[in-house]
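Trainee: The structure that follows is given in the form of structure tokens.
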Amino acid sequence: MSKAEEFAGKVVLVTGSSSGIGEAVARAFDAQGASVVVNSVRSIEQGTRVANSLQSGVYVQGDISLDDDVARLVSTTLETFGRLDVLVNNAGTTQFIPHRDLAAASRDVWREIFEVNVFGTWAMTVAAVDALTASKGCVVNVTSIAGLRTRGSSIPYAASKAALNHQTVLLANVLGPDVRVNAVAPGLIDTPWTEDWEFVRDVVRNTAPMKRTGTPEDIAQMVLALAQNSYATGQVVVIDGGLTII
């Protein structure tokens, strides 16, 4: 089987995939022959364009913090393609709050971020687990080095990614051997989220061993690798150009 056929006949659902890392992940699986479900909450036109540009793609609007939308995302995937082999939990949210501004990190902020980054990814995995068990499939969560270090756009965001990292390990333990669960923890990646972070980019370029910021494609390559490797589970793989070893 050639590289381009490695995921032929397989179905991949990527949440938050109308742009940035999620779009790159969708395109990476498409290049390997997979059918791909593209998803976003608001960027409907952009998500539709991404799906239409794939060899076998469909767009499904949905908010992973809403149970009805989660159920519809999975059911539409199964109704359209008849199976699900890979779930990539990429959708996430944040608020940009200086870590020392404790008062600004209100209960409402914590709830909003955890509803998507922790509860939403949990709900997606639970909704998809029967289909993934049937296909001997896998889950790949997109987390962040913010969940491993004292970095991140806000303390609630960093804490949510730490929770997702541990959720990954716990689920890998209980879902194996039928379903593998891994995570990728990106460093600073050039996406619409980070386009105004020039100061942070300079820090990364000057200090990280790779002397550059990452691209969405860098993360997509690792997501693909974790989906391909039938023995990897319970791993949180850091892709940050070496920033966290400094």
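To be explicit about the labels: the chains of the structure tokens are called A, B, and onward in the order shown, and within each one the residues are counted from 1, while ligands get numbers from 1 in the order they are shown.
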Applying 9 Å and only C-alpha atoms, which residues near Ala232 in chain A remain after dropping the ones on its own chain fewer than 3 positions away? List them as a list of chain:residue names.
Mentor: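 Here the qualifying residues turn out to be A:Arg180, A:Val181, A:Asn182, A:Leu226, A:Ala227, A:Gln228, A:Asn229, A:Gln235.
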Trainee: Can you write out the residues you just picked, keeping C-alpha atoms, as a tab-separated table (two decimals), in the first residue's frame?
Mentor:
chain	number	residue	atom	x	y	z
A	180	ARG	CA	-5.98	4.06	21.40
A	181	VAL	CA	-5.90	7.58	22.87
A	182	ASN	CA	-2.98	9.99	22.47
A	226	LEU	CA	-0.07	8.85	16.20
A	227	ALA	CA	-3.08	7.70	14.19
A	228	GLN	CA	-0.83	5.43	12.12
A	229	ASN	CA	1.09	3.82	14.99
A	235	GLN	CA	1.14	9.50	25.15
Trainee: From a DSSP calculation on the backbone, collect every residue of range 92-218 of chain A in strand (DSSP E) and output the set as a ChimeraX atom specification.
Mentor: /A:138-142,180-186
Trainee: Under the rule that only C-alpha atoms are counted, which of A:Lys10, A:Asn117, A:Glu112, A:Phe29 is the nearest residue to Phe81 in chain A?
Mentor: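 Checking each candidate against Phe81 in chain A, we get A:Lys10 as the closest.
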Trainee: Mind running range 60-128 of chain A against range 11-20 of chain A at 12 Å and telling me each contacting residue's nearest atom pair with the distance in Å (one decimal), counting only C-alpha atoms, chain and number ascending, as a Markdown table?
Mentor:
| residue | atom | partner | partner_atom | distance |
| --- | --- | --- | --- | --- |
| A:Val60 | CA | A:Thr15 | CA | 9.3 |
| A:Gln61 | CA | A:Thr15 | CA | 9.5 |
| A:Gly62 | CA | A:Thr15 | CA | 8.7 |
| A:Asp63 | CA | A:Thr15 | CA | 9.1 |
| A:Ile64 | CA | A:Thr15 | CA | 8.1 |
| A:Ser65 | CA | A:Thr15 | CA | 11.6 |
| A:Asp69 | CA | A:Thr15 | CA | 11.5 |
| A:Val70 | CA | A:Thr15 | CA | 10.1 |
| A:Leu73 | CA | A:Leu13 | CA | 8.5 |
| A:Val74 | CA | A:Leu13 | CA | 8.2 |
| A:Ser75 | CA | A:Leu13 | CA | 11.3 |
| A:Thr76 | CA | A:Leu13 | CA | 10.4 |
| A:Thr77 | CA | A:Leu13 | CA | 7.4 |
| A:Leu78 | CA | A:Val11 | CA | 9.1 |
| A:Glu79 | CA | A:Val11 | CA | 11.8 |
| A:Thr80 | CA | A:Val11 | CA | 10.0 |
| A:Phe81 | CA | A:Val11 | CA | 7.1 |
| A:Gly82 | CA | A:Val11 | CA | 8.6 |
| A:Arg83 | CA | A:Val11 | CA | 6.5 |
| A:Leu84 | CA | A:Val11 | CA | 5.0 |
| A:Asp85 | CA | A:Val11 | CA | 5.3 |
| A:Val86 | CA | A:Val12 | CA | 4.7 |
| A:Leu87 | CA | A:Leu13 | CA | 5.0 |
| A:Val88 | CA | A:Val14 | CA | 4.7 |
| A:Asn89 | CA | A:Thr15 | CA | 5.5 |
| A:Asn90 | CA | A:Thr15 | CA | 5.2 |
| A:Ala91 | CA | A:Gly16 | CA | 4.0 |
| A:Gly92 | CA | A:Gly16 | CA | 7.2 |
| A:Thr93 | CA | A:Gly16 | CA | 9.9 |
| A:Val116 | CA | A:Gly16 | CA | 10.8 |
| A:Asn117 | CA | A:Gly16 | CA | 11.3 |
| A:Gly120 | CA | A:Thr15 | CA | 10.2 |
| A:Thr121 | CA | A:Thr15 | CA | 9.2 |
| A:Met124 | CA | A:Thr15 | CA | 9.1 |
| A:Thr125 | CA | A:Leu13 | CA | 11.0 |
| A:Ala128 | CA | A:Leu13 | CA | 9.7 |
Trainee: Generate a file of the selected residues that holds C-alpha atoms, formatted as a PDB file, in the first residue's frame.
Mentor:
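Just written: part.pdb:
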ATOM      1  CA  VAL A  60     -20.814  19.667   9.809  1.00  0.00           C
ATOM      2  CA  GLN A  61     -21.413  22.768  11.905  1.00  0.00           C
ATOM      3  CA  GLY A  62     -21.483  22.118  15.626  1.00  0.00           C
ATOM      4  CA  ASP A  63     -20.447  23.331  19.066  1.00  0.00           C
ATOM      5  CA  ILE A  64     -18.770  20.593  21.107  1.00  0.00           C
ATOM      6  CA  SER A  65     -19.891  22.238  24.353  1.00  0.00           C
ATOM      7  CA  ASP A  69     -24.358  19.120  18.605  1.00  0.00           C
ATOM      8  CA  VAL A  70     -21.919  16.448  19.773  1.00  0.00           C
ATOM      9  CA  LEU A  73     -21.555  15.423  14.710  1.00  0.00           C
ATOM     10  CA  VAL A  74     -21.040  11.727  15.350  1.00  0.00           C
ATOM     11  CA  SER A  75     -24.376  10.582  13.911  1.00  0.00           C
ATOM     12  CA  THR A  76     -23.870  12.605  10.716  1.00  0.00           C
ATOM     13  CA  THR A  77     -20.414  11.089  10.319  1.00  0.00           C
ATOM     14  CA  LEU A  78     -21.836   7.578  10.615  1.00  0.00           C
ATOM     15  CA  GLU A  79     -24.828   8.310   8.385  1.00  0.00           C
ATOM     16  CA  THR A  80     -22.588   9.800   5.694  1.00  0.00           C
ATOM     17  CA  PHE A  81     -19.665   7.382   5.719  1.00  0.00           C
ATOM     18  CA  GLY A  82     -20.852   4.369   7.708  1.00  0.00           C
ATOM     19  CA  ARG A  83     -17.918   4.256  10.120  1.00  0.00           C
ATOM     20  CA  LEU A  84     -15.451   6.298  12.173  1.00  0.00           C
ATOM     21  CA  ASP A  85     -11.771   5.395  12.504  1.00  0.00           C
ATOM     22  CA  VAL A  86     -10.077   8.494  13.911  1.00  0.00           C
ATOM     23  CA  LEU A  87     -11.420  11.259  16.141  1.00  0.00           C
ATOM     24  CA  VAL A  88      -9.204  14.331  16.360  1.00  0.00           C
ATOM     25  CA  ASN A  89     -10.347  16.572  19.215  1.00  0.00           C
ATOM     26  CA  ASN A  90      -8.855  19.850  18.040  1.00  0.00           C
ATOM     27  CA  ALA A  91     -11.594  22.361  18.879  1.00  0.00           C
ATOM     28  CA  GLY A  92     -10.656  24.667  21.716  1.00  0.00           C
ATOM     29  CA  THR A  93     -11.187  28.101  23.157  1.00  0.00           C
ATOM     30  CA  VAL A 116     -15.064  23.313  25.392  1.00  0.00           C
ATOM     31  CA  ASN A 117     -11.514  22.215  26.169  1.00  0.00           C
ATOM     32  CA  GLY A 120     -16.464  19.061  25.092  1.00  0.00           C
ATOM     33  CA  THR A 121     -13.580  16.776  24.191  1.00  0.00           C
ATOM     34  CA  MET A 124     -16.954  13.856  21.769  1.00  0.00           C
ATOM     35  CA  THR A 125     -14.919  10.838  22.822  1.00  0.00           C
ATOM     36  CA  ALA A 128     -17.674   8.282  19.354  1.00  0.00           C
TER      37      ALA A 128
END
Trainee: When you count only C-alpha atoms, which of these residues is closest to Gly234 in chain A: A:Leu188, A:Val179, A:Leu66, A:Val204?
Mentor: A:Val179
Trainee: Excluding Val109 in chain A and residues on its chain fewer than 3 positions from it, collect all residues at most 12 Å away from it, counting only C-alpha atoms, and give them as an mmCIF file with C-alpha atoms, in the first residue's frame.
Mentor:
data_model
loop_
_atom_site.group_PDB
_atom_site.id
_atom_site.type_symbol
_atom_site.label_atom_id
_atom_site.label_comp_id
_atom_site.auth_asym_id
_atom_site.auth_seq_id
_atom_site.Cartn_x
_atom_site.Cartn_y
_atom_site.Cartn_z
ATOM 1 C CA THR A 93 -11.187 28.101 23.157
ATOM 2 C CA THR A 94 -9.395 30.572 25.389
ATOM 3 C CA GLN A 95 -9.417 34.062 26.819
ATOM 4 C CA PHE A 96 -6.290 36.176 26.922
ATOM 5 C CA ILE A 97 -5.782 37.119 30.571
ATOM 6 C CA LEU A 102 -6.491 36.733 39.149
ATOM 7 C CA ALA A 103 -9.689 38.750 39.440
ATOM 8 C CA ALA A 104 -10.215 38.661 35.673
ATOM 9 C CA ALA A 105 -10.186 34.853 35.672
ATOM 10 C CA SER A 106 -13.738 34.646 36.950
ATOM 11 C CA GLU A 112 -16.512 28.786 29.357
ATOM 12 C CA ILE A 113 -13.021 27.412 28.730
ATOM 13 C CA PHE A 114 -13.575 24.075 30.469
ATOM 14 C CA GLU A 115 -16.919 23.532 28.708
ATOM 15 C CA VAL A 116 -15.064 23.313 25.392
ATOM 16 C CA SER A 154 -4.551 32.434 30.710
ATOM 17 C CA ILE A 155 -4.437 30.274 33.825
ATOM 18 C CA PRO A 156 -7.873 28.727 33.100
ATOM 19 C CA TYR A 157 -6.674 27.802 29.598
ATOM 20 C CA SER A 160 -7.871 23.066 30.948
#
Trainee: Running DSSP on the backbone, which parts of range 2-192 of chain A land in alpha helix (DSSP H), as a PyMOL selection string?
Mentor: chain A and resi 20-31+44-53+67-81+107-114+121-135+155-175
Trainee: The selected residues should be written to file as a JSON list (two decimals), in the first residue's frame (atoms: C-alpha atoms).
Mentor:
[["chain", "number", "residue", "atom", "x", "y", "z"],
["A", 20, "GLY", "CA", -5.21, 26.56, 11.51],
["A", 21, "ILE", "CA", -4.11, 23.25, 13.00],
["A", 22, "GLY", "CA", -7.46, 21.57, 12.42],
["A", 23, "GLU", "CA", -7.49, 22.43, 8.74],
["A", 24, "ALA", "CA", -3.93, 21.16, 8.34],
["A", 25, "VAL", "CA", -4.92, 17.91, 10.06],
["A", 26, "ALA", "CA", -7.94, 17.50, 7.78],
["A", 27, "ARG", "CA", -5.78, 18.04, 4.71],
["A", 28, "ALA", "CA", -3.10, 15.63, 5.95],
["A", 29, "PHE", "CA", -5.61, 12.81, 6.32],
["A", 30, "ASP", "CA", -7.19, 13.70, 2.98],
["A", 31, "ALA", "CA", -3.77, 13.36, 1.33],
["A", 44, "ILE", "CA", -19.36, 27.94, 8.29],
["A", 45, "GLU", "CA", -18.33, 29.29, 4.88],
["A", 46, "GLN", "CA", -14.67, 28.65, 5.55],
["A", 47, "GLY", "CA", -15.34, 25.15, 6.86],
["A", 48, "THR", "CA", -17.51, 24.36, 3.86],
["A", 49, "ARG", "CA", -14.75, 25.51, 1.52],
["A", 50, "VAL", "CA", -12.23, 23.28, 3.27],
["A", 51, "ALA", "CA", -14.55, 20.25, 3.07],
["A", 52, "ASN", "CA", -15.36, 20.90, -0.59],
["A", 53, "SER", "CA", -11.66, 21.09, -1.45],
["A", 67, "ASP", "CA", -24.59, 17.71, 23.85],
["A", 68, "ASP", "CA", -27.06, 17.82, 20.95],
["A", 69, "ASP", "CA", -24.36, 19.12, 18.60],
["A", 70, "VAL", "CA", -21.92, 16.45, 19.77],
["A", 71, "ALA", "CA", -24.47, 13.71, 19.07],
["A", 72, "ARG", "CA", -25.24, 15.21, 15.65],
["A", 73, "LEU", "CA", -21.56, 15.42, 14.71],
["A", 74, "VAL", "CA", -21.04, 11.73, 15.35],
["A", 75, "SER", "CA", -24.38, 10.58, 13.91],
["A", 76, "THR", "CA", -23.87, 12.60, 10.72],
["A", 77, "THR", "CA", -20.41, 11.09, 10.32],
["A", 78, "LEU", "CA", -21.84, 7.58, 10.62],
["A", 79, "GLU", "CA", -24.83, 8.31, 8.38],
["A", 80, "THR", "CA", -22.59, 9.80, 5.69],
["A", 81, "PHE", "CA", -19.66, 7.38, 5.72],
["A", 107, "ARG", "CA", -15.86, 31.54, 37.44],
["A", 108, "ASP", "CA", -17.59, 32.33, 34.16],
["A", 109, "VAL", "CA", -14.24, 32.38, 32.34],
["A", 110, "TRP", "CA", -13.26, 29.05, 33.87],
["A", 111, "ARG", "CA", -16.62, 27.52, 32.94],
["A", 112, "GLU", "CA", -16.51, 28.79, 29.36],
["A", 113, "ILE", "CA", -13.02, 27.41, 28.73],
["A", 114, "PHE", "CA", -13.57, 24.07, 30.47],
["A", 121, "THR", "CA", -13.58, 16.78, 24.19],
["A", 122, "TRP", "CA", -14.81, 14.28, 26.78],
["A", 123, "ALA", "CA", -18.31, 14.35, 25.29],
["A", 124, "MET", "CA", -16.95, 13.86, 21.77],
["A", 125, "THR", "CA", -14.92, 10.84, 22.82],
["A", 126, "VAL", "CA", -17.82, 9.28, 24.73],
["A", 127, "ALA", "CA", -20.16, 9.82, 21.78],
["A", 128, "ALA", "CA", -17.67, 8.28, 19.35],
["A", 129, "VAL", "CA", -16.39, 5.41, 21.48],
["A", 130, "ASP", "CA", -18.74, 2.70, 20.15],
["A", 131, "ALA", "CA", -17.90, 3.51, 16.54],
["A", 132, "LEU", "CA", -14.20, 3.69, 17.33],
["A", 133, "THR", "CA", -14.36, 0.37, 19.17],
["A", 134, "ALA", "CA", -16.00, -1.23, 16.15],
["A", 135, "SER", "CA", -13.23, 0.04, 13.85],
["A", 155, "ILE", "CA", -4.44, 30.27, 33.82],
["A", 156, "PRO", "CA", -7.87, 28.73, 33.10],
["A", 157, "TYR", "CA", -6.67, 27.80, 29.60],
["A", 158, "ALA", "CA", -3.46, 26.22, 30.91],
["A", 159, "ALA", "CA", -5.40, 24.30, 33.55],
["A", 160, "SER", "CA", -7.87, 23.07, 30.95],
["A", 161, "LYS", "CA", -5.05, 21.70, 28.82],
["A", 162, "ALA", "CA", -3.47, 20.02, 31.85],
["A", 163, "ALA", "CA", -6.83, 18.37, 32.49],
["A", 164, "LEU", "CA", -7.03, 17.25, 28.87],
["A", 165, "ASN", "CA", -3.53, 15.79, 29.04],
["A", 166, "HIS", "CA", -4.55, 13.66, 32.02],
["A", 167, "GLN", "CA", -7.90, 12.81, 30.45],
["A", 168, "THR", "CA", -5.91, 11.41, 27.52],
["A", 169, "VAL", "CA", -3.88, 9.10, 29.75],
["A", 170, "LEU", "CA", -6.88, 7.93, 31.79],
["A", 171, "LEU", "CA", -8.94, 7.14, 28.68],
["A", 172, "ALA", "CA", -6.04, 5.29, 27.08],
["A", 173, "ASN", "CA", -5.94, 3.08, 30.15],
["A", 174, "VAL", "CA", -9.62, 2.16, 30.11],
["A", 175, "LEU", "CA", -10.27, 2.01, 26.35]]
Trainee: CA of Ile145 in chain A and CA of Val238 in chain A are how many Å apart?
Mentor: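 Answer for the CA of Ile145 in chain A to CA of Val238 in chain A separation: 6.9 Å.
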Trainee: What gap, in Å, lies between CA of Gly187 in chain A and CA of Gly242 in chain A?
Mentor: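 Distance between the two atoms: 8.8 Å.
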